[in-house]
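To start, the structure itself, in structure tokens.
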Amino acid sequence: MKKEYWIILLVYIGMQLSSIIGVPLLQWGFQYWGINRILVGPIWLIISFTLALIIILLILRKEWSIQGQDEKSSSLSHSLLWAFLGFFLALFSQYVAAIIEHLLGIQPDSKNTQGILQLIETFPLMIVVTSIIGPILEEIVFRKIIFGSLYQRFNFFLSALISSVIFAAAHMEFPHIILYTAMGLTFAFLYVKTNRIIVPIFAHVTMNTLVVLVQSVYRDDIERLQRQLEAVQNFIGGFL
């Protein structure tokens, strides 16, 4: 793995751990300035994610200027087509994974998604992190660097599977590891298909944005539907 890639991984890990120091410092500052301390968490996430993205993009700027002339990369029209198809492919893989989880008796509730929605309700600007900055960072780290490095040594399936499981584990929501792994496999496929990281980035950004919007607008309806489905399952289970 390139030295620059190791630095990027350290920046990403440092960003994930930065709240240990950053949040208490920001709390102290907010208390001093008389600002609502509830905003500490989301504001620090915006600061840390934005700084990490800027640093990583600066590290990769020379590499991307060279890759812009790479003949292996798909044409613009081909990349646009797969960016569009990739969104629906991501939806389909998520749907299939959700069915598998249901058959395994895994509850559809996602603590990660609910936590994100609560942050957005507290500070709406957080949607920039959850829908744009976060997916860009994840695609660079998990697809370009981790998957890309593995793919130079192993076949596609093994490389995609390992990087996708790491991607799933990083979300710290192990009951839904199948769902996150399926998404990782989809994004890895899009990256290999076009040799352009912007394609899985587009699919990931679109996917996250859709989930946030649907969950925010139809949150009550979704919760009511889930309760109804659980009631039906319990009713049917009584006859088995």
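Starting from 1 in every chain, residues are counted up; chains themselves are A, B, ... following the order of the structure tokens, and ligands are numbered from 1 as listed.
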| query | Can you tell me, as a PyMOL selection string, what residues are no more than 6 Å from segment 166-182 of chain A when counting only C-alpha atoms, ignoring any on the same chain fewer than 3 positions away? | reply | chain A and resi 93+97+163+185
Selection export as a PDB file, in the first residue's frame, atoms kept: N, CA and C atoms:
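See again_39.pdb below for the written result:
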```pdb
ATOM      1  N   SER A  93     -29.746  -4.320  -3.978  1.00  0.00           N
ATOM      2  CA  SER A  93     -28.914  -5.112  -3.070  1.00  0.00           C
ATOM      3  C   SER A  93     -29.344  -4.904  -1.622  1.00  0.00           C
ATOM      4  N   ALA A  97     -30.732  -7.877   0.781  1.00  0.00           N
ATOM      5  CA  ALA A  97     -30.109  -8.074   2.094  1.00  0.00           C
ATOM      6  C   ALA A  97     -31.136  -7.964   3.214  1.00  0.00           C
ATOM      7  N   SER A 163     -13.169  -6.114   2.128  1.00  0.00           N
ATOM      8  CA  SER A 163     -13.337  -4.665   2.313  1.00  0.00           C
ATOM      9  C   SER A 163     -14.762  -4.325   2.723  1.00  0.00           C
ATOM     10  N   LEU A 185     -20.321  -4.508  -1.379  1.00  0.00           N
ATOM     11  CA  LEU A 185     -20.093  -5.300  -2.592  1.00  0.00           C
ATOM     12  C   LEU A 185     -20.589  -4.559  -3.835  1.00  0.00           C
TER      13      LEU A 185
END
```
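Counting only C-alpha atoms, Pro42 of chain A has the following residues at most 12 Å away, ignoring those fewer than 6 positions along the same chain: A:Ser19, A:Gly22, A:Val23, A:Leu26, A:Gln27, A:Asn36, A:Ser48, A:Phe49, A:Gly115, A:Ile116, A:Leu117, A:Gln118, A:Leu119, A:Ile120, A:Glu121, A:Thr122, A:Phe123, A:Pro124, A:Leu125, A:Met126, A:Ile127, A:Val128, A:Val129, A:Thr130.
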Residues just named, written with C-alpha atoms as an mmCIF file, in the first residue's frame:
```cif
data_model
loop_
_atom_site.group_PDB
_atom_site.id
_atom_site.type_symbol
_atom_site.label_atom_id
_atom_site.label_comp_id
_atom_site.auth_asym_id
_atom_site.auth_seq_id
_atom_site.Cartn_x
_atom_site.Cartn_y
_atom_site.Cartn_z
ATOM 1 C CA SER A 19 -14.593 13.352 19.466
ATOM 2 C CA GLY A 22 -12.867 17.598 20.408
ATOM 3 C CA VAL A 23 -16.254 17.274 22.086
ATOM 4 C CA LEU A 26 -16.160 22.316 22.302
ATOM 5 C CA GLN A 27 -18.365 21.849 25.373
ATOM 6 C CA ASN A 36 -26.606 25.406 23.687
ATOM 7 C CA SER A 48 -14.008 16.798 11.969
ATOM 8 C CA PHE A 49 -15.539 15.273 8.815
ATOM 9 C CA GLY A 115 -29.112 8.171 15.587
ATOM 10 C CA ILE A 116 -28.411 10.018 12.348
ATOM 11 C CA LEU A 117 -32.004 11.225 12.135
ATOM 12 C CA GLN A 118 -31.848 12.512 15.703
ATOM 13 C CA LEU A 119 -28.668 14.444 14.915
ATOM 14 C CA ILE A 120 -30.293 15.985 11.844
ATOM 15 C CA GLU A 121 -33.350 16.968 13.890
ATOM 16 C CA THR A 122 -31.050 18.613 16.424
ATOM 17 C CA PHE A 123 -28.917 20.351 13.800
ATOM 18 C CA PRO A 124 -30.266 20.136 10.204
ATOM 19 C CA LEU A 125 -26.887 21.051 8.701
ATOM 20 C CA MET A 126 -25.769 17.542 9.723
ATOM 21 C CA ILE A 127 -27.402 16.269 6.540
ATOM 22 C CA VAL A 128 -24.329 17.564 4.688
ATOM 23 C CA VAL A 129 -22.195 15.083 6.657
ATOM 24 C CA THR A 130 -24.559 12.116 6.477
#
```
| request: Enumerate, as a PyMOL selection string, the complete set of residues in segment 135-195 of chain A that a backbone-based DSSP assignment places in alpha helix (DSSP H). | output: chain A and resi 135-138+148-151+156-170+177-194
Restricted to C-alpha atoms, what would the selected residues look like written as an mmCIF file, in the first residue's frame?
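part_31.cif, freshly written:
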```cif
data_model
loop_
_atom_site.group_PDB
_atom_site.id
_atom_site.type_symbol
_atom_site.label_atom_id
_atom_site.label_comp_id
_atom_site.auth_asym_id
_atom_site.auth_seq_id
_atom_site.Cartn_x
_atom_site.Cartn_y
_atom_site.Cartn_z
ATOM 1 C CA PRO A 135 -20.221 8.807 1.776
ATOM 2 C CA ILE A 136 -17.317 10.490 -0.047
ATOM 3 C CA LEU A 137 -14.922 9.646 2.784
ATOM 4 C CA GLU A 138 -16.193 6.071 3.017
ATOM 5 C CA GLY A 148 -8.235 -1.178 -4.353
ATOM 6 C CA SER A 149 -5.148 -2.367 -2.477
ATOM 7 C CA LEU A 150 -6.595 -5.844 -1.927
ATOM 8 C CA TYR A 151 -7.698 -6.083 -5.570
ATOM 9 C CA PHE A 156 -12.582 -9.374 -7.088
ATOM 10 C CA PHE A 157 -14.868 -11.406 -4.855
ATOM 11 C CA LEU A 158 -12.356 -11.938 -2.048
ATOM 12 C CA SER A 159 -11.181 -8.317 -2.171
ATOM 13 C CA ALA A 160 -14.729 -6.954 -2.258
ATOM 14 C CA LEU A 161 -15.889 -9.284 0.516
ATOM 15 C CA ILE A 162 -13.039 -8.415 2.902
ATOM 16 C CA SER A 163 -13.337 -4.665 2.313
ATOM 17 C CA SER A 164 -17.143 -4.814 2.573
ATOM 18 C CA VAL A 165 -17.059 -6.680 5.889
ATOM 19 C CA ILE A 166 -14.624 -4.066 7.216
ATOM 20 C CA PHE A 167 -16.972 -1.368 5.894
ATOM 21 C CA ALA A 168 -19.895 -3.058 7.649
ATOM 22 C CA ALA A 169 -17.982 -3.483 10.920
ATOM 23 C CA ALA A 170 -16.972 0.188 10.871
ATOM 24 C CA ILE A 177 -23.686 -6.646 8.880
ATOM 25 C CA ILE A 178 -25.297 -8.460 5.919
ATOM 26 C CA LEU A 179 -26.980 -5.240 4.789
ATOM 27 C CA TYR A 180 -23.819 -3.149 4.972
ATOM 28 C CA THR A 181 -21.742 -5.883 3.349
ATOM 29 C CA ALA A 182 -24.183 -6.062 0.437
ATOM 30 C CA MET A 183 -23.867 -2.318 -0.046
ATOM 31 C CA GLY A 184 -20.078 -2.570 0.055
ATOM 32 C CA LEU A 185 -20.093 -5.300 -2.592
ATOM 33 C CA THR A 186 -22.289 -3.158 -4.819
ATOM 34 C CA PHE A 187 -20.060 -0.100 -4.537
ATOM 35 C CA ALA A 188 -16.937 -2.211 -5.155
ATOM 36 C CA PHE A 189 -18.528 -3.585 -8.329
ATOM 37 C CA LEU A 190 -19.289 -0.065 -9.551
ATOM 38 C CA TYR A 191 -15.704 0.996 -8.874
ATOM 39 C CA VAL A 192 -14.223 -1.915 -10.826
ATOM 40 C CA LYS A 193 -16.754 -1.558 -13.635
ATOM 41 C CA THR A 194 -15.785 2.062 -14.347
#
```
| said: Just to confirm, what's the straight-line distance from atom CA of Arg37 of chain A to atom CA of Gln114 of chain A in Å (one decimal)? | reply: 20.5 Å
| task | Pick out the residues sitting within 12 Å of Phe84 of chain A, and hand them over as a PyMOL selection string; count only C-alpha atoms, and ignore anything fewer than 5 positions along from it in its own chain. | result | chain A and resi 77-79+89-91+190+198-207
| message | Residues near segment 56-59 of chain A, anyone? I mean within 12 Å using only C-alpha atoms, not counting same-chain ones fewer than 6 positions away, as a ChimeraX atom specification. | response | /A:2-12,15,49-50,65,133,136-141,145
Okay, now the selection with C-alpha atoms, as a CSV table (one decimal), in the first residue's frame?
```csv
chain,number,residue,atom,x,y,z
A,2,LYS,CA,1.2,3.5,-0.8
A,3,LYS,CA,2.5,5.7,1.9
A,4,GLU,CA,-0.1,8.3,1.1
A,5,TYR,CA,-2.8,5.6,1.6
A,6,TRP,CA,-1.5,4.8,5.1
A,7,ILE,CA,-1.7,8.5,5.9
A,8,ILE,CA,-5.3,8.7,4.7
A,9,LEU,CA,-6.2,5.7,6.9
A,10,LEU,CA,-4.7,7.4,9.9
A,11,VAL,CA,-6.5,10.6,9.1
A,12,TYR,CA,-9.8,8.7,8.8
A,15,MET,CA,-11.4,11.7,12.6
A,49,PHE,CA,-15.5,15.3,8.8
A,50,THR,CA,-14.9,18.4,6.8
A,65,SER,CA,-4.5,14.6,-11.8
A,133,ILE,CA,-19.2,14.2,3.2
A,136,ILE,CA,-17.3,10.5,0.0
A,137,LEU,CA,-14.9,9.6,2.8
A,138,GLU,CA,-16.2,6.1,3.0
A,139,GLU,CA,-15.8,5.4,-0.7
A,140,ILE,CA,-12.3,6.8,-0.7
A,141,VAL,CA,-11.2,4.8,2.3
A,145,ILE,CA,-7.8,2.4,-0.7
```
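Straight-line separation from atom CA of Phe92 of chain A to atom CA of Gln152 of chain A: 27.9 Å.
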| What gap, in Å, lies between atom CA of Phe88 of chain A and atom CA of Val211 of chain A? | 13.1 Å
